[in-house]
Protein chains: 2
Amino acid sequence: MATGRNHRPATRSRGIPEATVARLPLYLRALTALSERSVPTVSSEELAAAAGVNSAKLRKDFSYLGSYGTRGVGYDVEYLVYQISRELGLTQDWPVVIVGIGNLGAALANYGGFASRGFRVAALIDADPTMAGKPVAGIPVQHTDELEKIINDNGVSIGVIATPAGAAQQVCDRLVAAGVTSILNFAPTVLSVPDGVDVRKVDLSIELQILAFHEQRKAGEESEAAAGAPAPAAATPAATAQTENAGPDAAAGRKGPDGDMPAVMPA
Amino acid sequence: MATGRNHRPATRSRGIPEATVARLPLYLRALTALSERSVPTVSSEELAAAAGVNSAKLRKDFSYLGSYGTRGVGYDVEYLVYQISRELGLTQDWPVVIVGIGNLGAALANYGGFASRGFRVAALIDADPTMAGKPVAGIPVQHTDELEKIINDNGVSIGVIATPAGAAQQVCDRLVAAGVTSILNFAPTVLSVPDGVDVRKVDLSIELQILAFHEQRKAGEESEAAAGAPAPAAATPAATAQTENAGPDAAAGRKGPDGDMPAVMPA
DNA sequence: ATGTCTTTGTGAACGCGTGCACAAAGATGG
DNA sequence: CCATCTTTGTGCACGCGTTCACAAAGACAT
């Protein structure tokens with residue numbers, strides 16, 4: 001009975017816990033910012049603040065990579081940037097295809113944060129024939145018919161799906177069949193993939209719903225606890241908010257440690 | 001010594017664990033799809049498959065909301081849709097502002113998944129004066145100068161930041177000062193906010209980096225374990241992949257349980 | 001060389017989340 | 001009304017992730 005095939009030997013990849021892997025890009029971004037300001041070394045305390053995490057957590061995370069720090073001094077910024085980049089596999093070039101060139105696909109194609117991290121947009125693919133040839137972010141859009149050929153010719157192993165939900169599974173199947181083994185899915189659907197293929201999901205609507213839940217809770221608390229709070233403007237009591245769940249958020253650093261663009265810039 | 005202000009009474013909001021809250025939107029989406037197909041009831045097993053999670057987990061999640069199922073039968077779809085919607089606070093209208101109308105901001109403005117979930121785009125705001133008045137997704141873009149007035153007039157409590165990283169903290173501060181207590185941040189920066197304000201972060205680059213890590217690991221495993229695997233096309237050995245971390249992903253359902261659009265549609 | 005001071009690296013405890021396995025509950029049929 | 005069968009709801013155990021707290025390590029001054 002039960003679900004069927006359970007059994008998961010160890011999500012832990014190579015001694016490095018998943019939770020740690022998910023934070024490495026965060027550290028890398030903070031370190032890159034320090035590097036650009038020519039800061040030679042950082043303490044775990046400073047770096048943790050810049051990345052928005054606990055310093056003990058940061059040290060433990062780094063301990064999985066090795067002993068790269070110097071006691072009494074801290075971490076060498078350049079060296080750490082290199083080590084984390086290497087660990088994440090960013091020292092090599094990763095050709096990526098984006099399927100579904102709507103507003104979001106275009107936004108992704110324009111996103112500067114990819115190139116600077118070793119990702120290269122190898123091709124843009126869309127099912128709409130009238131899009132074919134039209135350049136987006138300087139790259140001509142190609143038709144879905146060419147998908148397999150593009151994947152093979154460029155040795156693409158990472159695909160981004162930004163199509164409507166209805167087309168997502170089909171596109172996914174074709175990507176996987178063509179050799180893609182990692183997929184970043186923006187379509188609001190549960191994708192079914194064979195073992196050995198990684199899928200990560202980003203759903204804007206879900207994030208908002210989670211915020212709405214907390215927002216509602218705050219509103220309810222306010223009306224049942226306090227008494228004379230006129231406008232919902234100033235800060236609420238004291239709370240214990242801060243959504244620290246699937247990724248450490250704010251409550252720390254201050255100072256924008258990055259020269260990066262967001263998911264895309266207005267121009 | 002140590003970090004300073006620690007002490008976190010309980011991230012758990014009102015008996016409902018964070019992890020469960022994060023999955024509720026997933027269930028809701030699957031249920032909505034069933035509702036549209038006029039399916040009257042579902043078993044935990046079926047629904048779990050559609051949502052891409054373990055059935056035991058799903059039952060436990062629902063148990064936090066109450067006993068809404070009928071033993072021997074399953075769950076009433078319509079009733080459950082209502083209960084989850086209410087729990088998430090989606091039965092009320094949530095005016096939302098989007099700041100930074102670049103490609104991504106435009107994609108978000110066009111996203112249909114918001115309206116259908118109780119979210120209403122109250123205004124689009126951009127710092128570029130030449131954007132002012134220009135309609136995006138049928139809504140005229142307004143200048144940043146109007147930010148405070150917009151927030152107040154519309155009673156906005158949720159803000160979306162899609163600006164470049166450099167502007168994010170400043171925009172965030174103004175949003176918070178104007179009364180916003182929940183922020184969805186797309187800018188690659190750690191935002192600093194006072195207690196009582198929730199921040200959720202979406203970083204496209206980070207997701208890709210995590211995929212790259214696993215991809216690299218797969219490649220390494222392949223070359224050190226197996227022997228005669230020619231092209232990196234077909235599925236790798238068997239692995240134990242599947243990135244099940246901050247959100248259950250694939251490996252289940254099949255059948256796209258949604259009529260939803262992705263983050264935005266190509267038209 | 002020795003002492004002091006800073007900061008790392010980690011052992012250990014704790015808490016949350018997950019999954020198993022089963023008893024209780026109710027539907028359904030005779 | 002009773003028996004059987006299905007499916008929920010949950011007690012329990014286990015493992016991962018987080019945090020604390022401190023010993024070890026090295027820099028730096030004298």
# chains A, B, ... in the order shown; residues from 1 in each chain; ligands from 1

call {"tool": "select_by_dssp", "arguments": {"residues": "range 31-231 of chain B", "states": "strand (DSSP E or B)", "output": "PyMOL selection string"}}
result
chain B and resi 41-42+69-70+74-76+94-99+119-126+135-136+139-143+158-161+182-185+198-201

call {"tool": "write_last_selection", "arguments": {"atoms": "C-alpha atoms", "output": "mmCIF file, in the first residue's frame"}}
result
data_model
loop_
_atom_site.group_PDB
_atom_site.id
_atom_site.type_symbol
_atom_site.label_atom_id
_atom_site.label_comp_id
_atom_site.auth_asym_id
_atom_site.auth_seq_id
_atom_site.Cartn_x
_atom_site.Cartn_y
_atom_site.Cartn_z
ATOM 1 C CA THR B 41 -15.059 14.089 -4.319
ATOM 2 C CA VAL B 42 -11.424 13.004 -4.195
ATOM 3 C CA GLY B 69 -13.032 14.496 4.968
ATOM 4 C CA THR B 70 -15.438 11.601 5.093
ATOM 5 C CA GLY B 74 -12.765 11.155 0.577
ATOM 6 C CA TYR B 75 -13.003 14.928 0.480
ATOM 7 C CA ASP B 76 -15.757 17.054 -0.986
ATOM 8 C CA TRP B 94 -6.083 41.849 -1.988
ATOM 9 C CA PRO B 95 -5.024 44.993 -3.800
ATOM 10 C CA VAL B 96 -1.418 44.677 -4.932
ATOM 11 C CA VAL B 97 1.031 47.179 -6.363
ATOM 12 C CA ILE B 98 3.885 46.250 -8.660
ATOM 13 C CA VAL B 99 6.919 48.514 -8.551
ATOM 14 C CA PHE B 119 -5.385 39.389 -6.042
ATOM 15 C CA ARG B 120 -6.031 42.632 -7.863
ATOM 16 C CA VAL B 121 -3.333 44.747 -9.431
ATOM 17 C CA ALA B 122 -4.203 48.126 -7.975
ATOM 18 C CA ALA B 123 -1.382 49.996 -9.629
ATOM 19 C CA LEU B 124 1.833 49.785 -11.617
ATOM 20 C CA ILE B 125 4.641 52.051 -10.514
ATOM 21 C CA ASP B 126 7.893 52.931 -12.234
ATOM 22 C CA PRO B 135 -0.713 51.394 -20.278
ATOM 23 C CA VAL B 136 0.654 47.961 -19.439
ATOM 24 C CA ILE B 139 -3.330 49.625 -16.465
ATOM 25 C CA PRO B 140 -1.598 52.990 -16.831
ATOM 26 C CA VAL B 141 1.848 53.142 -15.251
ATOM 27 C CA GLN B 142 2.213 55.764 -12.532
ATOM 28 C CA HIS B 143 5.322 57.535 -11.355
ATOM 29 C CA ILE B 158 1.031 43.699 -0.394
ATOM 30 C CA GLY B 159 3.744 45.048 -2.663
ATOM 31 C CA VAL B 160 5.764 43.414 -5.411
ATOM 32 C CA ILE B 161 9.269 44.702 -6.113
ATOM 33 C CA SER B 182 4.003 42.005 2.898
ATOM 34 C CA ILE B 183 6.559 42.144 0.113
ATOM 35 C CA LEU B 184 7.354 39.829 -2.736
ATOM 36 C CA ASN B 185 10.874 40.631 -3.853
ATOM 37 C CA ASP B 198 6.927 39.642 5.718
ATOM 38 C CA VAL B 199 9.300 39.311 2.816
ATOM 39 C CA ARG B 200 9.351 36.490 0.329
ATOM 40 C CA LYS B 201 12.024 36.299 -2.276
#

call {"tool": "interface_residues", "arguments": {"of": "chain B", "to": "chain C", "cutoff": "10 Å", "atoms": "only C-alpha atoms (C1' of nucleotides)", "output": "PyMOL selection string"}}
result
chain B and resi 12+17-20+54-57+70-73

call {"tool": "closest_residue", "arguments": {"among": "B:Ala132, B:Leu104, B:Ala137, B:Cys172", "to": "chain A", "atoms": "only C-alpha atoms"}}
result
B:Leu104

call {"tool": "closest_residue", "arguments": {"among": "B:Leu204, B:Leu26, B:Leu31, B:Ala162", "to": "Leu108 in chain B", "atoms": "only C-alpha atoms"}}
result
B:Ala162

call {"tool": "closest_residue", "arguments": {"among": "A:Glu46, A:Leu58, A:Tyr79, A:Thr189", "to": "chain D", "atoms": "only C-alpha atoms (C1' of nucleotides)"}}
result
A:Leu58

call {"tool": "closest_residue", "arguments": {"among": "A:Val53, A:Val156, A:Leu80, A:Val39", "to": "DT19 in chain D", "atoms": "only C-alpha atoms (C1' of nucleotides)"}}
result
A:Val53

call {"tool": "closest_residue", "arguments": {"among": "B:Leu65, B:Leu191, B:Ala127, B:Leu47", "to": "chain A", "atoms": "only C-alpha atoms"}}
result
B:Leu191

call {"tool": "atom_distance", "arguments": {"atom1": "CA of Ala177 in chain A", "atom2": "CA of Tyr111 in chain B"}}
result
29.5 Å

call {"tool": "closest_residue", "arguments": {"among": "D:DA24, D:DC1, D:DT8, D:DA29", "to": "chain A", "atoms": "only C-alpha atoms (C1' of nucleotides)"}}
result
D:DA24

call {"tool": "decode", "arguments": {"residues": "chain C", "atoms": "C-alpha atoms (C1' of nucleotides)", "output": "PDB file, in the first residue's frame"}}
result
ATOM      1  C1'  DA C   1      58.840  32.888  22.774  1.00  0.00           C
ATOM      2  C1'  DT C   2      54.875  33.740  25.283  1.00  0.00           C
ATOM      3  C1'  DG C   3      50.411  35.642  26.159  1.00  0.00           C
ATOM      4  C1'  DT C   4      46.228  37.633  24.601  1.00  0.00           C
ATOM      5  C1'  DC C   5      42.612  38.251  21.580  1.00  0.00           C
ATOM      6  C1'  DT C   6      39.825  37.184  17.667  1.00  0.00           C
ATOM      7  C1'  DT C   7      37.378  34.063  14.838  1.00  0.00           C
ATOM      8  C1'  DT C   8      36.814  29.605  12.957  1.00  0.00           C
ATOM      9  C1'  DG C   9      35.162  24.846  13.001  1.00  0.00           C
ATOM     10  C1'  DT C  10      32.262  21.487  15.202  1.00  0.00           C
ATOM     11  C1'  DG C  11      30.113  18.364  18.896  1.00  0.00           C
ATOM     12  C1'  DA C  12      25.777  18.122  20.890  1.00  0.00           C
ATOM     13  C1'  DA C  13      20.989  19.265  21.815  1.00  0.00           C
ATOM     14  C1'  DC C  14      16.743  20.540  20.104  1.00  0.00           C
ATOM     15  C1'  DG C  15      12.787  21.145  17.111  1.00  0.00           C
ATOM     16  C1'  DC C  16      10.384  20.691  12.853  1.00  0.00           C
ATOM     17  C1'  DG C  17       8.901  18.006   9.023  1.00  0.00           C
ATOM     18  C1'  DT C  18       8.128  13.575   6.976  1.00  0.00           C
ATOM     19  C1'  DG C  19       6.530   9.013   6.477  1.00  0.00           C
ATOM     20  C1'  DC C  20       4.801   4.688   8.454  1.00  0.00           C
ATOM     21  C1'  DA C  21       1.308   2.045  10.151  1.00  0.00           C
ATOM     22  C1'  DC C  22      -2.914   1.410  12.285  1.00  0.00           C
ATOM     23  C1'  DA C  23      -7.140   2.220  14.772  1.00  0.00           C
ATOM     24  C1'  DA C  24     -11.442   4.676  14.335  1.00  0.00           C
ATOM     25  C1'  DA C  25     -15.191   6.099  11.414  1.00  0.00           C
ATOM     26  C1'  DG C  26     -18.341   5.803   8.156  1.00  0.00           C
ATOM     27  C1'  DA C  27     -20.294   3.990   3.766  1.00  0.00           C
ATOM     28  C1'  DT C  28     -22.282   0.134   1.538  1.00  0.00           C
ATOM     29  C1'  DG C  29     -24.466  -4.316   0.905  1.00  0.00           C
ATOM     30  C1'  DG C  30     -26.892  -8.174   2.591  1.00  0.00           C
TER      31       DG C  30
END
